[in-house]
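Trainee: Dropping in input.pdb, which is PDB, C-alpha atoms:
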```pdb
ATOM      1  CA  ARG I   1     -18.730   2.420 -29.441
ATOM      2  CA  LEU I   2     -22.130   2.373 -27.750
ATOM      3  CA  GLN I   3     -21.148   5.352 -25.577
ATOM      4  CA  MET I   4     -20.013   7.296 -28.612
ATOM      5  CA  ALA I   5     -23.186   6.383 -30.509
ATOM      6  CA  HIS I   6     -25.079   8.040 -27.650
ATOM      7  CA  GLY I   7     -23.111  11.285 -27.635
ATOM      8  CA  ALA I   8     -19.716  10.702 -26.022
ATOM      9  CA  VAL I   9     -16.971  12.488 -27.970
ATOM     10  CA  GLY I  10     -14.443   9.750 -27.307
ATOM     11  CA  VAL I  11     -12.925   7.599 -24.616
ATOM     12  CA  CYS I  12     -10.445   8.117 -21.800
ATOM     13  CA  VAL I  13      -7.855   5.506 -20.958
ATOM     14  CA  GLN I  14      -4.964   5.420 -18.507
ATOM     15  CA  LYS I  15      -2.352   3.470 -20.458
ATOM     16  CA  THR I  16      -0.913   3.497 -23.950
ATOM     17  CA  ASP I  17      -1.749  -0.184 -24.476
ATOM     18  CA  GLU I  18      -5.399   0.569 -23.654
ATOM     19  CA  ALA I  19      -5.328   3.403 -26.187
ATOM     20  CA  LEU I  20      -3.833   1.181 -28.866
ATOM     21  CA  ALA I  21      -6.416  -1.552 -28.241
ATOM     22  CA  GLN I  22      -9.232   0.989 -28.504
ATOM     23  CA  ALA I  23      -7.790   2.376 -31.755
ATOM     24  CA  GLN I  24      -7.446  -1.116 -33.187
ATOM     25  CA  ALA I  25     -11.120  -1.723 -32.317
ATOM     26  CA  GLY I  26     -12.145   1.339 -34.304
ATOM     27  CA  VAL I  27     -12.438   4.073 -31.671
ATOM     28  CA  ARG I  28     -11.309   7.289 -33.335
ATOM     29  CA  ASP I  29     -11.024   9.755 -30.421
ATOM     30  CA  ILE I  30      -8.828   8.567 -27.559
ATOM     31  CA  TYR I  31      -7.432  10.513 -24.637
ATOM     32  CA  ILE I  32      -4.698   9.021 -22.459
ATOM     33  CA  SER I  33      -5.523  10.935 -19.293
ATOM     34  CA  ASN I  34      -2.288   9.956 -17.619
ATOM     35  CA  GLU I  35       1.331  10.968 -18.014
ATOM     36  CA  VAL I  36       3.518   8.612 -20.032
ATOM     37  CA  ILE I  37       7.278   9.088 -20.097
ATOM     38  CA  ALA I  38       8.537   5.592 -20.921
ATOM     39  CA  PRO I  39      10.260   5.849 -24.327
ATOM     40  CA  ALA I  40       9.060   2.406 -25.497
ATOM     41  CA  LYS I  41       5.428   3.234 -24.728
ATOM     42  CA  LEU I  42       5.697   6.623 -26.404
ATOM     43  CA  ALA I  43       7.291   4.973 -29.456
ATOM     44  CA  ARG I  44       4.284   2.630 -29.817
ATOM     45  CA  LEU I  45       1.924   5.579 -29.452
ATOM     46  CA  ALA I  46       3.854   7.627 -32.025
ATOM     47  CA  GLN I  47       3.671   4.738 -34.478
ATOM     48  CA  ALA I  48      -0.111   4.617 -34.019
ATOM     49  CA  VAL I  49      -0.351   8.390 -34.490
ATOM     50  CA  ARG I  50       1.437   7.976 -37.809
ATOM     51  CA  GLU I  51      -0.527   4.939 -39.020
ATOM     52  CA  ARG I  52      -4.101   5.208 -37.695
ATOM     53  CA  PRO I  53      -6.928   7.620 -38.520
ATOM     54  CA  THR I  54      -7.423   8.270 -34.815
ATOM     55  CA  ARG I  55      -7.340  11.504 -32.844
ATOM     56  CA  PHE I  56      -4.999  10.812 -29.957
ATOM     57  CA  ALA I  57      -4.542  13.073 -26.959
ATOM     58  CA  ILE I  58      -2.344  12.691 -23.885
ATOM     59  CA  ALA I  59      -1.722  14.430 -20.568
ATOM     60  CA  VAL I  60       1.655  15.817 -19.520
ATOM     61  CA  ASP I  61       2.921  17.314 -16.288
ATOM     62  CA  SER I  62       6.628  17.768 -16.932
ATOM     63  CA  ALA I  63       9.182  19.112 -19.361
ATOM     64  CA  LEU I  64      10.517  15.559 -19.619
ATOM     65  CA  GLY I  65       7.101  14.299 -20.727
ATOM     66  CA  ILE I  66       6.889  16.968 -23.422
ATOM     67  CA  ALA I  67      10.431  16.340 -24.669
ATOM     68  CA  ARG I  68      10.040  12.562 -24.812
ATOM     69  CA  LEU I  69       6.665  12.756 -26.564
ATOM     70  CA  ALA I  70       8.057  15.153 -29.182
ATOM     71  CA  ALA I  71      11.133  12.958 -29.671
ATOM     72  CA  ALA I  72       9.017   9.817 -30.114
ATOM     73  CA  LEU I  73       6.919  11.509 -32.794
ATOM     74  CA  GLN I  74      10.040  12.721 -34.602
ATOM     75  CA  GLN I  75      11.668   9.277 -34.446
ATOM     76  CA  ALA I  76       8.483   7.723 -35.890
ATOM     77  CA  ASN I  77       8.673  10.206 -38.784
ATOM     78  CA  VAL I  78       5.331  11.738 -37.911
ATOM     79  CA  THR I  79       4.795  14.761 -40.126
ATOM     80  CA  GLY I  80       2.471  17.697 -40.201
ATOM     81  CA  PRO I  81       1.709  20.262 -37.576
ATOM     82  CA  ALA I  82      -0.015  19.348 -34.337
ATOM     83  CA  ALA I  83       0.028  15.574 -34.760
ATOM     84  CA  ILE I  84      -1.231  14.904 -31.230
ATOM     85  CA  ASP I  85      -3.295  16.862 -28.737
ATOM     86  CA  VAL I  86      -1.622  17.475 -25.397
ATOM     87  CA  LEU I  87      -3.306  18.567 -22.176
ATOM     88  CA  VAL I  88      -1.290  19.950 -19.284
ATOM     89  CA  GLU I  89      -2.380  18.451 -15.980
ATOM     90  CA  ILE I  90      -2.944  20.726 -13.007
ATOM     91  CA  ASP I  91      -2.656  19.317  -9.503
ATOM     92  CA  VAL I  92      -6.117  20.285  -8.313
ATOM     93  CA  GLY I  93      -5.703  18.700  -4.892
ATOM     94  CA  HIS I  94      -5.378  15.011  -5.630
ATOM     95  CA  GLY I  95      -1.640  15.200  -4.954
ATOM     96  CA  ARG I  96      -0.770  12.375  -7.327
ATOM     97  CA  CYS I  97       0.183  14.111 -10.556
ATOM     98  CA  GLY I  98      -0.027  17.469 -12.263
ATOM     99  CA  VAL I  99       1.740  20.746 -11.640
ATOM    100  CA  PRO I 100       0.685  23.580  -9.329
ATOM    101  CA  PRO I 101      -1.308  26.294 -11.129
ATOM    102  CA  ALA I 102       1.674  28.673 -10.860
ATOM    103  CA  GLU I 103       3.773  26.288 -13.032
ATOM    104  CA  VAL I 104       1.216  25.726 -15.795
ATOM    105  CA  LEU I 105       2.243  28.710 -17.930
ATOM    106  CA  ALA I 106       5.891  27.633 -18.207
ATOM    107  CA  LEU I 107       4.883  24.099 -19.193
ATOM    108  CA  VAL I 108       2.390  25.326 -21.800
ATOM    109  CA  GLN I 109       5.047  27.603 -23.278
ATOM    110  CA  LEU I 110       7.398  24.596 -23.636
ATOM    111  CA  LEU I 111       4.595  22.669 -25.284
ATOM    112  CA  LEU I 112       3.795  25.479 -27.721
ATOM    113  CA  ALA I 113       7.410  25.411 -28.912
ATOM    114  CA  GLN I 114       6.990  21.834 -30.195
ATOM    115  CA  PRO I 115       5.576  21.798 -33.756
ATOM    116  CA  LEU I 116       4.219  18.240 -33.570
ATOM    117  CA  LEU I 117       2.305  18.913 -30.356
ATOM    118  CA  ARG I 118      -0.933  20.865 -30.070
ATOM    119  CA  PHE I 119      -1.905  22.480 -26.789
ATOM    120  CA  ALA I 120      -5.451  21.174 -26.361
ATOM    121  CA  GLY I 121      -6.184  22.441 -22.858
ATOM    122  CA  LEU I 122      -5.945  21.483 -19.215
ATOM    123  CA  GLN I 123      -6.500  18.225 -17.372
ATOM    124  CA  ALA I 124      -8.095  18.934 -13.975
ATOM    125  CA  TYR I 125      -9.086  15.666 -12.320
ATOM    126  CA  HIS I 126      -9.503  15.297  -8.571
ATOM    127  CA  GLY I 127     -10.110  11.576  -8.206
ATOM    128  CA  SER I 128     -10.058  11.417  -4.433
ATOM    129  CA  ALA I 129     -12.737  14.118  -4.108
ATOM    130  CA  GLN I 130     -15.243  11.539  -5.316
ATOM    131  CA  HIS I 131     -14.524   9.343  -2.328
ATOM    132  CA  ARG I 132     -14.897  11.870   0.460
ATOM    133  CA  ARG I 133     -17.474  10.719   3.005
ATOM    134  CA  THR I 134     -19.728  13.735   3.227
ATOM    135  CA  SER I 135     -21.019  16.133   0.624
ATOM    136  CA  ALA I 136     -19.454  18.988   2.643
ATOM    137  CA  GLU I 137     -16.038  17.303   2.342
ATOM    138  CA  ARG I 138     -16.557  16.733  -1.403
ATOM    139  CA  ASP I 139     -17.682  20.335  -1.866
ATOM    140  CA  ALA I 140     -14.602  21.653  -0.058
ATOM    141  CA  ALA I 141     -12.251  19.518  -2.164
ATOM    142  CA  LEU I 142     -13.948  20.538  -5.387
ATOM    143  CA  ALA I 143     -13.989  24.214  -4.415
ATOM    144  CA  ALA I 144     -10.200  23.985  -4.106
ATOM    145  CA  SER I 145     -10.087  22.321  -7.539
ATOM    146  CA  GLU I 146     -12.111  25.165  -9.026
ATOM    147  CA  THR I 147      -9.715  27.691  -7.507
ATOM    148  CA  ALA I 148      -6.725  25.891  -9.039
ATOM    149  CA  VAL I 149      -8.379  25.814 -12.461
ATOM    150  CA  ARG I 150      -9.251  29.517 -12.251
ATOM    151  CA  GLN I 151      -5.658  30.371 -11.300
ATOM    152  CA  ALA I 152      -4.222  28.372 -14.209
ATOM    153  CA  LEU I 153      -6.718  29.856 -16.679
ATOM    154  CA  ALA I 154      -5.964  33.393 -15.483
ATOM    155  CA  ALA I 155      -2.201  32.905 -15.914
ATOM    156  CA  LEU I 156      -2.604  31.523 -19.428
ATOM    157  CA  ARG I 157      -5.082  34.170 -20.526
ATOM    158  CA  ALA I 158      -2.853  36.936 -19.136
ATOM    159  CA  ALA I 159      -0.097  35.571 -21.389
ATOM    160  CA  GLY I 160      -2.448  35.621 -24.376
ATOM    161  CA  ILE I 161      -2.799  31.834 -24.541
ATOM    162  CA  ALA I 162      -6.254  30.487 -25.360
ATOM    163  CA  VAL I 163      -7.352  27.376 -23.484
ATOM    164  CA  PRO I 164      -9.538  25.253 -25.749
ATOM    165  CA  LEU I 165     -10.746  22.848 -23.051
ATOM    166  CA  VAL I 166     -10.680  21.959 -19.378
ATOM    167  CA  THR I 167     -11.306  18.245 -18.932
ATOM    168  CA  GLY I 168     -11.676  16.108 -15.834
ATOM    169  CA  ALA I 169     -14.435  15.274 -13.385
ATOM    170  CA  GLY I 170     -15.340  11.736 -12.485
ATOM    171  CA  THR I 171     -18.527   9.782 -12.001
ATOM    172  CA  GLY I 172     -18.739  10.720  -8.323
ATOM    173  CA  SER I 173     -18.176  14.450  -8.758
ATOM    174  CA  PHE I 174     -19.125  15.520 -12.279
ATOM    175  CA  VAL I 175     -22.295  17.322 -11.198
ATOM    176  CA  ARG I 176     -20.265  19.871  -9.237
ATOM    177  CA  GLU I 177     -17.615  20.331 -11.933
ATOM    178  CA  ALA I 178     -20.266  20.723 -14.635
ATOM    179  CA  ALA I 179     -22.135  23.308 -12.557
ATOM    180  CA  SER I 180     -18.948  25.370 -12.141
ATOM    181  CA  GLY I 181     -18.905  26.262 -15.822
ATOM    182  CA  LEU I 182     -15.134  25.670 -15.920
ATOM    183  CA  TRP I 183     -15.029  22.108 -17.193
ATOM    184  CA  GLY I 184     -15.965  21.616 -20.836
ATOM    185  CA  GLU I 185     -15.585  17.842 -20.825
ATOM    186  CA  LEU I 186     -16.479  15.258 -18.195
ATOM    187  CA  GLN I 187     -14.580  12.010 -17.708
ATOM    188  CA  ALA I 188     -17.300  10.040 -15.968
ATOM    189  CA  GLY I 189     -16.603   6.373 -16.501
ATOM    190  CA  SER I 190     -16.759   4.141 -13.437
ATOM    191  CA  PHE I 191     -20.532   3.922 -13.972
ATOM    192  CA  LEU I 192     -19.651   0.988 -16.254
ATOM    193  CA  PHE I 193     -18.630  -1.054 -13.248
TER
END
```
For the structure just supplied, provide its representation as structure tokens.

Mentor:
Amino acid sequence: RLQMAHGAVGVCVQKTDEALAQAQAGVRDIYISNEVIAPAKLARLAQAVRERPTRFAIAVDSALGIARLAAALQQANVTGPAAIDVLVEIDVGHGRCGVPPAEVLALVQLLLAQPLLRFAGLQAYHGSAQHRRTSAERDAALAASETAVRQALAALRAAGIAVPLVTGAGTGSFVREAASGLWGELQAGSFLF
């Protein structure tokens, strides 16, 4: 709450249970910046979407993730268009999750076909870039991230799809991402620790 009182638009969490705890504590803008495909976890999230006055968002990187999220919302009897914001994650070099830039368009098109889901933008987080030893190594990793983001944006724009937001960047790299002009939201957070 203190962060938000000082200008943060919301919080990022990695797990659905963290999101639900934050919502229960009164946080009203929560982004699960990780892919969740477990039906039980998505069911709990869908219930919270239906019951709480909270803006929830979540990352996806697969057709399965989109299908299961949509199904969970339907099973929870969530109504109304665009009940949850969804960001498609690009693999910007971290190699842990996300899709290659060339696959982003197909995933966004699947997402746009789901009435309860709202395409909210792209997740572009390169966590390991923050831990490179030298600034030259960090710069090289982040330059590759910028290239991936540009490729994904170009493919979406060529298809006539607006991208409301590119989010990502961590405490150890946000200066570079912010300077690129590509990222509209920074996920700095380990400063707390």

Trainee: Here is a test: counting all atoms listed in the file, which residue of I:Ala148, I:Val175, I:Val49, I:Ile37 is nearest to Ala188 of chain I?

Mentor: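 Among the listed residues, I:Val175 lies closest to Ala188 of chain I.
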
Trainee: Counting only C-alpha atoms, which residues of segment 105-136 of chain I fall within 10 Å of segment 17-33 of chain I, and what is the closest atom pair for each with its distance in Å at one decimal, ordered by chain and rising number, as CSV?

Mentor:
```
residue,atom,partner,partner_atom,distance
I:Gln123,CA,I:Ser33,CA,7.6
I:Ala124,CA,I:Ser33,CA,9.9
I:Tyr125,CA,I:Ser33,CA,9.1
```

Trainee: What does the structure give for the distance between atom CA of Leu186 of chain I and atom CA of Glu137 of chain I, in Å to one decimal?

Mentor: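 Between atom CA of Leu186 of chain I and atom CA of Glu137 of chain I the gap is 20.6 Å.
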
Trainee: Taking into account only C-alpha atoms, which residue in the set I:Val108, I:Glu103, I:Asn77, I:Ala8 is nearest to Ile161 of chain I?

Mentor: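 Comparing I:Val108, I:Glu103, I:Asn77, I:Ala8 against Ile161 of chain I, the winner is I:Val108.
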
Trainee: Suppose a student applies the PyMOL selection byres ((chain I and resi 87) around 12) to this structure; what residues should they get, written as a PyMOL selection string?

Mentor: chain I and resi 31-35+56-62+65-66+84-86+88-90+98-99+104+107-108+111-112+117-125+163-168

Trainee: Considering all atoms listed in the file, can you say which of I:Pro100, I:Gly80, I:Pro39, I:Gly170 comes closest to Arg150 of chain I?

Mentor: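 Looking at the shortest contact to Arg150 of chain I, the residue is I:Pro100.
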
Trainee: Any idea what the distance is between atom CA of Pro115 of chain I and atom CA of Glu185 of chain I?

Mentor: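 Rounded to one decimal, the two atoms are 25.1 Å apart.
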